[in-house]
Amino acid sequence: MSPMTLAAGWPEQVTAVAAVIGVVLTVVMVHAARAGIPRRKLVYSIEFTPLLSPTHSRLTVSLDGERINEPQTATLKLTNTGNREIKAEDFNNEPIDFRLNARVVTVLSESSTHNRRYPQVEPLGNVLKMHPHVIGRRQEVTYKLLLDGDNPSIELEHTFSGSVRRGSPPSPMERQAWGTLGVSYLLVALILIFGWSTIHPKGEPPADKKAQPTPSSS
């Protein structure tokens with residue numbers, strides 16, 4: 001490629017570099033904007049497990065001398081998937097009520113990731129009340145309950161300022177996959193921009209449009 005061609009292609013190279021910088025700045029600004037918006041998200045899941053099978057009708061379950069007619073365990077998990085710590089004031093001075101359509105006999109166990117403190121819960125009839133408390137970012141809290149009821153389900157009542165939904169929190173591999181996907185998109189954009197400017201430099205017409213030699217007349 002001659003110096004004249006390089007000089008002619010210089011504005012296109014500057015345009016390509018400016019386009020790449022624009023793409024990078026856009027990605028950075030989007031991530032900065034997302035990180036700057038407070039999002040308090042509480043994701044919960046629950047699993048019910050009957051303790052007795054209909055084929056074993058002579059078996060019974062009791063607690064402190066009280067017979068449990070339809071014993072089931074429930075494992076309730078809650079995870080803060082937002083980008084901010086959940087504070088006690090985000091509960092607006094009201095508990096989150098988990099209505100289970102079965103009597104909550106007792107709380108069998110309570111645990112949290114990284115040995116963090118967790119909200120205290122209180123069984124009250126068919127309702128498990130979770131009192132206001134700090135829940136750290138990505139903290140997962142697990143409660144195991146003993147229920148008495150043949151058809152348990154779950155409904156929520158709350159005045160929580162953030163969002164509360166049923167589902168599964170993203171795993172570390174899923175979070176890493178989303179980050180890898182973003183980097184891949186950026187690399188593809190870079191390849192397309194630089195590749196196009198290299199294959200079609202300004203100042204060199206495409207091969208099929210180059211002047212063809214005219215045959216000399218005899």
# chains A, B, ... in the order shown; residues from 1 in each chain; ligands from 1

call {"tool": "residues_around", "arguments": {"residues": "Arg116 of chain A", "least_positions_apart": "6", "cutoff": "9 Å", "atoms": "only C-alpha atoms", "output": "list in words"}}
result
Ile135, Gly136, Gln139 and Val141 of chain A

call {"tool": "select_by_dssp", "arguments": {"residues": "segment 77-148 of chain A", "states": "strand (DSSP E)", "output": "JSON, numbers by chain"}}
result
{"A": [77, 78, 79, 80, 96, 97, 98, 99, 103, 104, 105, 106, 107, 108, 109, 110, 111, 112, 121, 122, 123, 124, 127, 128, 129, 130, 140, 141, 142, 143, 144, 145, 146, 147, 148]}

call {"tool": "write_last_selection", "arguments": {"atoms": "N, CA and C atoms", "output": "JSON list (two decimals), in the first residue's frame"}}
result
[["chain", "number", "residue", "atom", "x", "y", "z"],
["A", 77, "LYS", "N", -36.35, -20.50, 51.38],
["A", 77, "LYS", "CA", -35.08, -19.82, 51.14],
["A", 77, "LYS", "C", -35.34, -18.42, 50.59],
["A", 78, "LEU", "N", -34.59, -17.44, 51.11],
["A", 78, "LEU", "CA", -34.70, -16.06, 50.65],
["A", 78, "LEU", "C", -33.31, -15.53, 50.34],
["A", 79, "THR", "N", -33.19, -14.84, 49.19],
["A", 79, "THR", "CA", -31.89, -14.32, 48.76],
["A", 79, "THR", "C", -32.05, -12.87, 48.32],
["A", 80, "ASN", "N", -31.15, -12.03, 48.79],
["A", 80, "ASN", "CA", -31.10, -10.65, 48.32],
["A", 80, "ASN", "C", -30.29, -10.62, 47.03],
["A", 96, "ILE", "N", -42.95, -9.21, 56.73],
["A", 96, "ILE", "CA", -43.42, -9.91, 55.53],
["A", 96, "ILE", "C", -44.15, -11.16, 56.00],
["A", 97, "ASP", "N", -45.41, -11.29, 55.60],
["A", 97, "ASP", "CA", -46.22, -12.44, 56.01],
["A", 97, "ASP", "C", -46.22, -13.50, 54.90],
["A", 98, "PHE", "N", -45.76, -14.70, 55.26],
["A", 98, "PHE", "CA", -45.82, -15.84, 54.36],
["A", 98, "PHE", "C", -47.02, -16.70, 54.79],
["A", 99, "ARG", "N", -48.07, -16.68, 53.99],
["A", 99, "ARG", "CA", -49.27, -17.47, 54.28],
["A", 99, "ARG", "C", -49.13, -18.83, 53.60],
["A", 103, "ARG", "N", -50.96, -24.99, 59.11],
["A", 103, "ARG", "CA", -50.50, -24.45, 60.39],
["A", 103, "ARG", "C", -49.00, -24.60, 60.53],
["A", 104, "VAL", "N", -48.36, -23.50, 60.89],
["A", 104, "VAL", "CA", -46.92, -23.53, 61.14],
["A", 104, "VAL", "C", -46.71, -23.97, 62.58],
["A", 105, "VAL", "N", -46.32, -25.22, 62.77],
["A", 105, "VAL", "CA", -46.19, -25.77, 64.11],
["A", 105, "VAL", "C", -44.98, -25.17, 64.82],
["A", 106, "THR", "N", -43.84, -25.18, 64.14],
["A", 106, "THR", "CA", -42.61, -24.64, 64.74],
["A", 106, "THR", "C", -41.57, -24.40, 63.66],
["A", 107, "VAL", "N", -40.57, -23.64, 64.02],
["A", 107, "VAL", "CA", -39.42, -23.42, 63.14],
["A", 107, "VAL", "C", -38.34, -24.41, 63.58],
["A", 108, "LEU", "N", -38.00, -25.34, 62.70],
["A", 108, "LEU", "CA", -37.04, -26.39, 63.05],
["A", 108, "LEU", "C", -35.60, -25.89, 63.04],
["A", 109, "SER", "N", -35.27, -25.05, 62.06],
["A", 109, "SER", "CA", -33.89, -24.56, 61.98],
["A", 109, "SER", "C", -33.86, -23.26, 61.19],
["A", 110, "GLU", "N", -32.80, -22.47, 61.44],
["A", 110, "GLU", "CA", -32.57, -21.21, 60.75],
["A", 110, "GLU", "C", -31.08, -21.12, 60.44],
["A", 111, "SER", "N", -30.76, -20.62, 59.24],
["A", 111, "SER", "CA", -29.35, -20.49, 58.88],
["A", 111, "SER", "C", -29.19, -19.40, 57.84],
["A", 112, "SER", "N", -27.93, -18.96, 57.68],
["A", 112, "SER", "CA", -27.62, -17.92, 56.70],
["A", 112, "SER", "C", -26.23, -18.16, 56.15],
["A", 121, "VAL", "N", -38.09, -14.89, 62.60],
["A", 121, "VAL", "CA", -39.42, -15.25, 62.11],
["A", 121, "VAL", "C", -40.26, -15.73, 63.28],
["A", 122, "GLU", "N", -41.58, -15.57, 63.11],
["A", 122, "GLU", "CA", -42.51, -15.92, 64.18],
["A", 122, "GLU", "C", -43.71, -16.66, 63.57],
["A", 123, "PRO", "N", -43.94, -17.93, 63.97],
["A", 123, "PRO", "CA", -45.13, -18.64, 63.48],
["A", 123, "PRO", "C", -46.39, -18.16, 64.20],
["A", 124, "LEU", "N", -47.43, -17.91, 63.42],
["A", 124, "LEU", "CA", -48.68, -17.45, 63.99],
["A", 124, "LEU", "C", -49.82, -18.06, 63.18],
["A", 127, "VAL", "N", -49.52, -18.50, 59.30],
["A", 127, "VAL", "CA", -48.65, -17.43, 58.79],
["A", 127, "VAL", "C", -47.28, -17.52, 59.47],
["A", 128, "LEU", "N", -46.25, -17.33, 58.65],
["A", 128, "LEU", "CA", -44.89, -17.15, 59.17],
["A", 128, "LEU", "C", -44.53, -15.68, 58.97],
["A", 129, "LYS", "N", -44.32, -14.98, 60.07],
["A", 129, "LYS", "CA", -43.99, -13.56, 60.00],
["A", 129, "LYS", "C", -42.48, -13.37, 60.05],
["A", 130, "MET", "N", -41.95, -12.66, 59.04],
["A", 130, "MET", "CA", -40.52, -12.34, 59.03],
["A", 130, "MET", "C", -40.37, -10.86, 59.37],
["A", 140, "GLU", "N", -28.11, -15.31, 51.56],
["A", 140, "GLU", "CA", -29.19, -16.29, 51.45],
["A", 140, "GLU", "C", -29.55, -16.79, 52.85],
["A", 141, "VAL", "N", -30.84, -16.73, 53.17],
["A", 141, "VAL", "CA", -31.34, -17.16, 54.47],
["A", 141, "VAL", "C", -32.26, -18.36, 54.26],
["A", 142, "THR", "N", -32.13, -19.37, 55.10],
["A", 142, "THR", "CA", -32.93, -20.59, 54.97],
["A", 142, "THR", "C", -33.65, -20.88, 56.29],
["A", 143, "TYR", "N", -34.95, -21.14, 56.19],
["A", 143, "TYR", "CA", -35.76, -21.54, 57.34],
["A", 143, "TYR", "C", -36.39, -22.90, 57.04],
["A", 144, "LYS", "N", -36.27, -23.81, 57.98],
["A", 144, "LYS", "CA", -36.94, -25.10, 57.85],
["A", 144, "LYS", "C", -38.07, -25.16, 58.86],
["A", 145, "LEU", "N", -39.29, -25.46, 58.36],
["A", 145, "LEU", "CA", -40.49, -25.37, 59.17],
["A", 145, "LEU", "C", -41.17, -26.73, 59.27],
["A", 146, "LEU", "N", -41.90, -26.92, 60.35],
["A", 146, "LEU", "CA", -42.78, -28.07, 60.50],
["A", 146, "LEU", "C", -44.21, -27.57, 60.36],
["A", 147, "LEU", "N", -44.94, -28.15, 59.39],
["A", 147, "LEU", "CA", -46.31, -27.73, 59.10],
["A", 147, "LEU", "C", -47.29, -28.85, 59.43],
["A", 148, "ASP", "N", -48.54, -28.46, 59.60],
["A", 148, "ASP", "CA", -49.63, -29.42, 59.78],
["A", 148, "ASP", "C", -50.72, -29.05, 58.78]]

call {"tool": "select_by_dssp", "arguments": {"residues": "segment 41-171 of chain A", "states": "helix (DSSP H, G or I)", "output": "list in words"}}
result
Ala88, Glu89, Asp90, Phe91, Thr113, His114 and Asn115 of chain A

call {"tool": "write_last_selection", "arguments": {"atoms": "N, CA, C and O atoms", "output": "CSV table (one decimal), in the first residue's frame"}}
result
chain,number,residue,atom,x,y,z
A,88,ALA,N,-33.5,-2.5,57.5
A,88,ALA,CA,-34.7,-2.8,58.3
A,88,ALA,C,-35.8,-1.8,57.9
A,88,ALA,O,-37.0,-2.1,57.9
A,89,GLU,N,-35.4,-0.5,57.6
A,89,GLU,CA,-36.4,0.5,57.3
A,89,GLU,C,-37.1,0.2,55.9
A,89,GLU,O,-38.2,0.8,55.6
A,90,ASP,N,-36.5,-0.6,55.1
A,90,ASP,CA,-37.1,-1.0,53.8
A,90,ASP,C,-38.4,-1.8,54.0
A,90,ASP,O,-39.2,-2.0,53.1
A,91,PHE,N,-38.5,-2.4,55.2
A,91,PHE,CA,-39.8,-3.1,55.5
A,91,PHE,C,-40.9,-2.2,55.9
A,91,PHE,O,-42.1,-2.7,56.0
A,113,THR,N,-26.0,-17.7,54.9
A,113,THR,CA,-24.7,-17.8,54.3
A,113,THR,C,-23.7,-16.9,55.1
A,113,THR,O,-24.1,-15.9,55.5
A,114,HIS,N,-22.4,-17.4,55.1
A,114,HIS,CA,-21.3,-16.6,55.7
A,114,HIS,C,-21.6,-16.3,57.2
A,114,HIS,O,-21.0,-15.3,57.7
A,115,ASN,N,-22.5,-17.1,57.9
A,115,ASN,CA,-22.8,-16.9,59.3
A,115,ASN,C,-23.2,-15.5,59.6
A,115,ASN,O,-23.0,-15.0,60.7

call {"tool": "residues_around", "arguments": {"residues": "segment 41-55 of chain A", "least_positions_apart": "3", "cutoff": "8 Å", "atoms": "only C-alpha atoms", "output": "ChimeraX atom specification"}}
result
/A:59-60,70-82,152,162-169

call {"tool": "atom_distance", "arguments": {"atom1": "atom CA of Phe160 of chain A", "atom2": "atom CA of Asn83 of chain A"}}
result
16.1 Å

call {"tool": "atom_distance", "arguments": {"atom1": "atom CA of Arg84 of chain A", "atom2": "atom CA of Arg137 of chain A"}}
result
5.9 Å

call {"tool": "atom_distance", "arguments": {"atom1": "atom CA of Asn101 of chain A", "atom2": "atom CA of Leu156 of chain A"}}
result
11.3 Å
